[in-house]
$ cat query34.pdb   # PDB, C-alpha atoms
MODEL        1
ATOM      1  CA  MET P   1      -0.432   2.479   0.805  1.00  0.00           C
ATOM      2  CA  ASP P   2      -1.125   5.543   2.950  1.00  0.00           C
ATOM      3  CA  ALA P   3      -4.871   4.937   2.811  1.00  0.00           C
ATOM      4  CA  TRP P   4      -4.407   1.346   3.986  1.00  0.00           C
ATOM      5  CA  ALA P   5      -2.052   2.432   6.759  1.00  0.00           C
ATOM      6  CA  ASP P   6      -4.417   5.175   7.947  1.00  0.00           C
ATOM      7  CA  VAL P   7      -7.732   3.322   7.785  1.00  0.00           C
ATOM      8  CA  ASP P   8      -8.170   3.027  11.581  1.00  0.00           C
ATOM      9  CA  LYS P   9      -7.223   6.653  12.194  1.00  0.00           C
ATOM     10  CA  ASP P  10      -9.462   7.877   9.366  1.00  0.00           C
ATOM     11  CA  ARG P  11     -12.419   5.837  10.621  1.00  0.00           C
ATOM     12  CA  LYS P  12     -11.949   7.284  14.104  1.00  0.00           C
ATOM     13  CA  ASN P  13     -11.612  10.883  12.847  1.00  0.00           C
ATOM     14  CA  GLY P  14     -14.342  10.640  10.215  1.00  0.00           C
ATOM     15  CA  ASN P  15     -11.916  11.335   7.371  1.00  0.00           C
ATOM     16  CA  TYR P  16     -12.349  10.064   3.832  1.00  0.00           C
ATOM     17  CA  ASN P  17     -10.461   6.883   3.046  1.00  0.00           C
ATOM     18  CA  PRO P  18     -11.099   4.710  -0.017  1.00  0.00           C
ATOM     19  CA  PHE P  19     -10.588   1.576   2.093  1.00  0.00           C
ATOM     20  CA  LEU P  20     -13.257   2.413   4.677  1.00  0.00           C
ATOM     21  CA  PHE P  21     -15.964   0.552   2.766  1.00  0.00           C
ATOM     22  CA  LEU P  22     -13.869  -2.637   2.970  1.00  0.00           C
ATOM     23  CA  ALA P  23     -12.409  -2.169   6.439  1.00  0.00           C
ATOM     24  CA  GLU P  24     -15.245  -3.934   8.256  1.00  0.00           C
ATOM     25  CA  GLU P  25     -15.101  -7.022   6.060  1.00  0.00           C
ATOM     26  CA  PRO P  26     -13.505 -10.125   7.624  1.00  0.00           C
ATOM     27  CA  ASP P  27     -11.089 -10.492   4.693  1.00  0.00           C
ATOM     28  CA  PHE P  28     -10.120  -6.802   4.611  1.00  0.00           C
ATOM     29  CA  GLN P  29      -6.366  -7.314   4.974  1.00  0.00           C
ATOM     30  CA  GLU P  30      -6.250  -9.899   2.199  1.00  0.00           C
ATOM     31  CA  ARG P  31      -8.382  -7.794  -0.154  1.00  0.00           C
ATOM     32  CA  ALA P  32      -6.411  -4.636   0.616  1.00  0.00           C
ATOM     33  CA  HIS P  33      -3.171  -6.494  -0.090  1.00  0.00           C
ATOM     34  CA  ARG P  34      -4.483  -7.635  -3.477  1.00  0.00           C
ATOM     35  CA  ILE P  35      -5.562  -4.084  -4.329  1.00  0.00           C
ATOM     36  CA  LEU P  36      -2.174  -2.679  -3.303  1.00  0.00           C
ATOM     37  CA  MET P  37      -0.389  -5.348  -5.373  1.00  0.00           C
ATOM     38  CA  MET P  38      -2.494  -4.481  -8.397  1.00  0.00           C
ATOM     39  CA  MET P  39      -1.857  -0.747  -7.999  1.00  0.00           C
ATOM     40  CA  ALA P  40       1.886  -1.270  -7.507  1.00  0.00           C
ATOM     41  CA  ALA P  41       1.995  -3.452 -10.637  1.00  0.00           C
ATOM     42  CA  GLU P  42       0.218  -0.779 -12.657  1.00  0.00           C
ATOM     43  CA  ALA P  43       2.582   1.889 -11.335  1.00  0.00           C
ATOM     44  CA  ALA P  44       5.607  -0.275 -12.199  1.00  0.00           C
ATOM     45  CA  ARG P  45       4.285  -0.945 -15.693  1.00  0.00           C
ATOM     46  CA  ALA P  46       3.826   2.793 -16.309  1.00  0.00           C
ATOM     47  CA  PHE P  47       7.189   3.615 -14.731  1.00  0.00           C
ATOM     48  CA  GLU P  48       9.049   1.244 -17.060  1.00  0.00           C
ATOM     49  CA  LEU P  49       7.628   3.116 -20.075  1.00  0.00           C
ATOM     50  CA  LEU P  50       9.136   6.412 -18.940  1.00  0.00           C
ATOM     51  CA  PRO P  51      12.419   7.579 -20.490  1.00  0.00           C
ATOM     52  CA  ILE P  52      14.122   7.967 -17.112  1.00  0.00           C
ATOM     53  CA  VAL P  53      17.901   7.785 -17.031  1.00  0.00           C
ATOM     54  CA  GLU P  54      18.935   9.691 -13.903  1.00  0.00           C
ATOM     55  CA  ASN P  55      18.328   8.028 -10.542  1.00  0.00           C
ATOM     56  CA  VAL P  56      16.519   5.126 -12.182  1.00  0.00           C
ATOM     57  CA  ASP P  57      18.021   2.604  -9.745  1.00  0.00           C
ATOM     58  CA  ILE P  58      16.851   4.574  -6.718  1.00  0.00           C
ATOM     59  CA  LEU P  59      13.379   4.947  -8.191  1.00  0.00           C
ATOM     60  CA  ARG P  60      13.176   1.232  -9.007  1.00  0.00           C
ATOM     61  CA  ASN P  61      14.285   0.403  -5.476  1.00  0.00           C
ATOM     62  CA  ILE P  62      11.463   2.508  -4.066  1.00  0.00           C
ATOM     63  CA  LEU P  63       8.891   1.114  -6.478  1.00  0.00           C
ATOM     64  CA  TYR P  64       9.820  -2.551  -6.285  1.00  0.00           C
ATOM     65  CA  SER P  65      11.130  -2.877  -2.745  1.00  0.00           C
ATOM     66  CA  GLY P  66      10.586   0.228  -0.653  1.00  0.00           C
ATOM     67  CA  ILE P  67       6.825   0.247  -0.697  1.00  0.00           C
ATOM     68  CA  TRP P  68       6.660  -3.409   0.337  1.00  0.00           C
ATOM     69  CA  ASN P  69       9.184  -2.918   3.124  1.00  0.00           C
ATOM     70  CA  THR P  70       6.959  -0.123   4.400  1.00  0.00           C
ATOM     71  CA  TYR P  71       3.885  -2.354   4.015  1.00  0.00           C
ATOM     72  CA  ARG P  72       5.472  -5.159   6.049  1.00  0.00           C
ATOM     73  CA  LYS P  73       6.616  -2.723   8.745  1.00  0.00           C
ATOM     74  CA  ILE P  74       3.141  -1.210   9.126  1.00  0.00           C
ATOM     75  CA  GLN P  75       1.524  -4.649   8.991  1.00  0.00           C
ATOM     76  CA  LYS P  76       3.785  -5.822  11.826  1.00  0.00           C
ATOM     77  CA  GLU P  77       2.972  -2.724  13.882  1.00  0.00           C
ATOM     78  CA  LYS P  78      -0.748  -3.351  13.372  1.00  0.00           C
ATOM     79  CA  MET P  79      -0.370  -6.995  14.402  1.00  0.00           C
ATOM     80  CA  ASP P  80       1.609  -6.010  17.522  1.00  0.00           C
ATOM     81  CA  LYS P  81      -1.236  -3.701  18.603  1.00  0.00           C
ATOM     82  CA  THR P  82      -3.769  -6.542  18.591  1.00  0.00           C
TER      83      THR P  82
ENDMDL
END

$ encode --input "query34.pdb" --output "structure tokens"
Amino acid sequence: MDAWADVDKDRKNGNYNPFLFLAEEPDFQERAHRILMMMAAEAARAFELLPIVENVDILRNILYSGIWNTYRKIQKEKMDKT
């Protein structure tokens, strides 16, 4: 998520970002969203296998909701800039 959020800044500063190779493509936002969905699904699958008892509800909230709330917030900020 951080790499997606920072792609413009990283391009400008010459920093490494795994999304830079896709950032110039016309369907970048759609492709990045699919990649982020896939990575979040893999993280959730692995998380559910862990024997976590303490704070599991907070962790699930972050994993299933928090990252997408952050995504939508950053996406809105990016759209407002254009």

$ resolve_selection --input "query34.pdb" --expression "the PyMOL selection byres ((chain P and resi 71-80) around 10)" --output "list in words"
Met1, Asp2, Trp4, Ala5, Asp6, Asp8, Gln29, His33, Leu36, Ser65, Gly66, Ile67, Trp68, Asn69, Thr70, Lys81 and Thr82 of chain P

$ residues_around --input "query34.pdb" --residues "P:Arg11" --least-positions-apart "5" --cutoff "12 Å" --atoms "all atoms listed in the file" --output "PDB file with C-alpha atoms, in the frame of the given file"
ATOM      1  CA  ALA P   3      -4.871   4.937   2.811  1.00  0.00           C
ATOM      2  CA  TRP P   4      -4.407   1.346   3.986  1.00  0.00           C
ATOM      3  CA  ALA P   5      -2.052   2.432   6.759  1.00  0.00           C
ATOM      4  CA  ASP P   6      -4.417   5.175   7.947  1.00  0.00           C
ATOM      5  CA  TYR P  16     -12.349  10.064   3.832  1.00  0.00           C
ATOM      6  CA  ASN P  17     -10.461   6.883   3.046  1.00  0.00           C
ATOM      7  CA  PRO P  18     -11.099   4.710  -0.017  1.00  0.00           C
ATOM      8  CA  PHE P  19     -10.588   1.576   2.093  1.00  0.00           C
ATOM      9  CA  LEU P  20     -13.257   2.413   4.677  1.00  0.00           C
ATOM     10  CA  PHE P  21     -15.964   0.552   2.766  1.00  0.00           C
ATOM     11  CA  LEU P  22     -13.869  -2.637   2.970  1.00  0.00           C
ATOM     12  CA  ALA P  23     -12.409  -2.169   6.439  1.00  0.00           C
ATOM     13  CA  GLU P  24     -15.245  -3.934   8.256  1.00  0.00           C
TER      14      GLU P  24
END

$ atom_distance --input "query34.pdb" --atom1 "atom CA of P:Leu63" --atom2 "atom CA of P:Ala44"
6.7 Å

$ atom_distance --input "query34.pdb" --atom1 "atom CA of P:Ala43" --atom2 "atom CA of P:Asn15"
25.5 Å

$ atom_distance --input "query34.pdb" --atom1 "atom CA of P:Ile35" --atom2 "atom CA of P:Ile52"
26.4 Å

$ closest_residue --input "query34.pdb" --among "P:Arg45, P:Glu54, P:Tyr64, P:Val7" --to "P:Ala32" --atoms "only C-alpha atoms"
P:Val7

$ axis_aligned_box --input "query34.pdb" --around "stretch 19-29 of chain P" --padding-each-side "3 Å" --output "JSON"
{"center_x": -11.2, "center_y": -4.0, "center_z": 5.2, "size_x": 15.6, "size_y": 18.9, "size_z": 12.2}

$ build_atoms --input "query34.pdb" --residues "stretch 37-66 of chain P" --atoms "N, CA and C atoms" --output "PDB file, in the coordinates of the input"
ATOM      1  N   MET P  37      -1.238  -4.642  -4.406  1.00  0.00           N
ATOM      2  CA  MET P  37      -0.389  -5.348  -5.373  1.00  0.00           C
ATOM      3  C   MET P  37      -0.752  -4.926  -6.789  1.00  0.00           C
ATOM      4  N   MET P  38      -2.038  -4.866  -7.070  1.00  0.00           N
ATOM      5  CA  MET P  38      -2.494  -4.481  -8.397  1.00  0.00           C
ATOM      6  C   MET P  38      -2.071  -3.041  -8.720  1.00  0.00           C
ATOM      7  N   MET P  39      -2.227  -2.145  -7.768  1.00  0.00           N
ATOM      8  CA  MET P  39      -1.857  -0.747  -7.999  1.00  0.00           C
ATOM      9  C   MET P  39      -0.347  -0.592  -8.168  1.00  0.00           C
ATOM     10  N   ALA P  40       0.429  -1.326  -7.374  1.00  0.00           N
ATOM     11  CA  ALA P  40       1.886  -1.270  -7.507  1.00  0.00           C
ATOM     12  C   ALA P  40       2.314  -1.819  -8.869  1.00  0.00           C
ATOM     13  N   ALA P  41       1.668  -2.878  -9.327  1.00  0.00           N
ATOM     14  CA  ALA P  41       1.995  -3.452 -10.637  1.00  0.00           C
ATOM     15  C   ALA P  41       1.683  -2.458 -11.749  1.00  0.00           C
ATOM     16  N   GLU P  42       0.564  -1.782 -11.651  1.00  0.00           N
ATOM     17  CA  GLU P  42       0.218  -0.779 -12.657  1.00  0.00           C
ATOM     18  C   GLU P  42       1.209   0.380 -12.638  1.00  0.00           C
ATOM     19  N   ALA P  43       1.602   0.803 -11.445  1.00  0.00           N
ATOM     20  CA  ALA P  43       2.582   1.889 -11.335  1.00  0.00           C
ATOM     21  C   ALA P  43       3.924   1.460 -11.933  1.00  0.00           C
ATOM     22  N   ALA P  44       4.339   0.232 -11.666  1.00  0.00           N
ATOM     23  CA  ALA P  44       5.607  -0.275 -12.199  1.00  0.00           C
ATOM     24  C   ALA P  44       5.554  -0.364 -13.715  1.00  0.00           C
ATOM     25  N   ARG P  45       4.435  -0.840 -14.244  1.00  0.00           N
ATOM     26  CA  ARG P  45       4.285  -0.945 -15.693  1.00  0.00           C
ATOM     27  C   ARG P  45       4.417   0.439 -16.340  1.00  0.00           C
ATOM     28  N   ALA P  46       3.754   1.432 -15.776  1.00  0.00           N
ATOM     29  CA  ALA P  46       3.826   2.793 -16.309  1.00  0.00           C
ATOM     30  C   ALA P  46       5.238   3.369 -16.143  1.00  0.00           C
ATOM     31  N   PHE P  47       5.841   3.114 -14.993  1.00  0.00           N
ATOM     32  CA  PHE P  47       7.189   3.615 -14.731  1.00  0.00           C
ATOM     33  C   PHE P  47       8.174   3.119 -15.783  1.00  0.00           C
ATOM     34  N   GLU P  48       8.093   1.838 -16.120  1.00  0.00           N
ATOM     35  CA  GLU P  48       9.049   1.244 -17.060  1.00  0.00           C
ATOM     36  C   GLU P  48       8.909   1.823 -18.467  1.00  0.00           C
ATOM     37  N   LEU P  49       7.810   2.481 -18.771  1.00  0.00           N
ATOM     38  CA  LEU P  49       7.628   3.116 -20.075  1.00  0.00           C
ATOM     39  C   LEU P  49       8.240   4.511 -20.135  1.00  0.00           C
ATOM     40  N   LEU P  50       8.578   5.062 -18.982  1.00  0.00           N
ATOM     41  CA  LEU P  50       9.136   6.412 -18.940  1.00  0.00           C
ATOM     42  C   LEU P  50      10.597   6.415 -19.381  1.00  0.00           C
ATOM     43  N   PRO P  51      11.025   7.493 -20.043  1.00  0.00           N
ATOM     44  CA  PRO P  51      12.419   7.579 -20.490  1.00  0.00           C
ATOM     45  C   PRO P  51      13.347   8.120 -19.400  1.00  0.00           C
ATOM     46  N   ILE P  52      13.322   7.501 -18.245  1.00  0.00           N
ATOM     47  CA  ILE P  52      14.122   7.967 -17.112  1.00  0.00           C
ATOM     48  C   ILE P  52      15.523   7.375 -17.193  1.00  0.00           C
ATOM     49  N   VAL P  53      16.511   8.229 -17.032  1.00  0.00           N
ATOM     50  CA  VAL P  53      17.901   7.785 -17.031  1.00  0.00           C
ATOM     51  C   VAL P  53      18.540   8.079 -15.677  1.00  0.00           C
ATOM     52  N   GLU P  54      18.354   9.307 -15.185  1.00  0.00           N
ATOM     53  CA  GLU P  54      18.935   9.691 -13.903  1.00  0.00           C
ATOM     54  C   GLU P  54      18.167   9.060 -12.751  1.00  0.00           C
ATOM     55  N   ASN P  55      18.890   8.574 -11.788  1.00  0.00           N
ATOM     56  CA  ASN P  55      18.328   8.028 -10.542  1.00  0.00           C
ATOM     57  C   ASN P  55      17.363   6.866 -10.758  1.00  0.00           C
ATOM     58  N   VAL P  56      17.453   6.208 -11.892  1.00  0.00           N
ATOM     59  CA  VAL P  56      16.519   5.126 -12.182  1.00  0.00           C
ATOM     60  C   VAL P  56      16.639   3.983 -11.165  1.00  0.00           C
ATOM     61  N   ASP P  57      17.841   3.695 -10.708  1.00  0.00           N
ATOM     62  CA  ASP P  57      18.021   2.604  -9.745  1.00  0.00           C
ATOM     63  C   ASP P  57      17.365   2.921  -8.410  1.00  0.00           C
ATOM     64  N   ILE P  58      17.493   4.158  -7.971  1.00  0.00           N
ATOM     65  CA  ILE P  58      16.851   4.574  -6.718  1.00  0.00           C
ATOM     66  C   ILE P  58      15.339   4.487  -6.854  1.00  0.00           C
ATOM     67  N   LEU P  59      14.825   4.978  -7.965  1.00  0.00           N
ATOM     68  CA  LEU P  59      13.379   4.947  -8.191  1.00  0.00           C
ATOM     69  C   LEU P  59      12.851   3.519  -8.271  1.00  0.00           C
ATOM     70  N   ARG P  60      13.588   2.648  -8.942  1.00  0.00           N
ATOM     71  CA  ARG P  60      13.176   1.232  -9.007  1.00  0.00           C
ATOM     72  C   ARG P  60      13.201   0.603  -7.616  1.00  0.00           C
ATOM     73  N   ASN P  61      14.201   0.935  -6.831  1.00  0.00           N
ATOM     74  CA  ASN P  61      14.285   0.403  -5.476  1.00  0.00           C
ATOM     75  C   ASN P  61      13.055   0.799  -4.663  1.00  0.00           C
ATOM     76  N   ILE P  62      12.657   2.046  -4.774  1.00  0.00           N
ATOM     77  CA  ILE P  62      11.463   2.508  -4.066  1.00  0.00           C
ATOM     78  C   ILE P  62      10.232   1.769  -4.568  1.00  0.00           C
ATOM     79  N   LEU P  63      10.086   1.701  -5.875  1.00  0.00           N
ATOM     80  CA  LEU P  63       8.891   1.114  -6.478  1.00  0.00           C
ATOM     81  C   LEU P  63       8.778  -0.388  -6.240  1.00  0.00           C
ATOM     82  N   TYR P  64       9.882  -1.100  -6.375  1.00  0.00           N
ATOM     83  CA  TYR P  64       9.820  -2.551  -6.285  1.00  0.00           C
ATOM     84  C   TYR P  64      10.085  -3.107  -4.889  1.00  0.00           C
ATOM     85  N   SER P  65      10.771  -2.359  -4.059  1.00  0.00           N
ATOM     86  CA  SER P  65      11.130  -2.877  -2.745  1.00  0.00           C
ATOM     87  C   SER P  65      10.641  -1.985  -1.606  1.00  0.00           C
ATOM     88  N   GLY P  66      10.872  -0.704  -1.741  1.00  0.00           N
ATOM     89  CA  GLY P  66      10.586   0.228  -0.653  1.00  0.00           C
ATOM     90  C   GLY P  66       9.148   0.229  -0.184  1.00  0.00           C
TER      91      GLY P  66
END
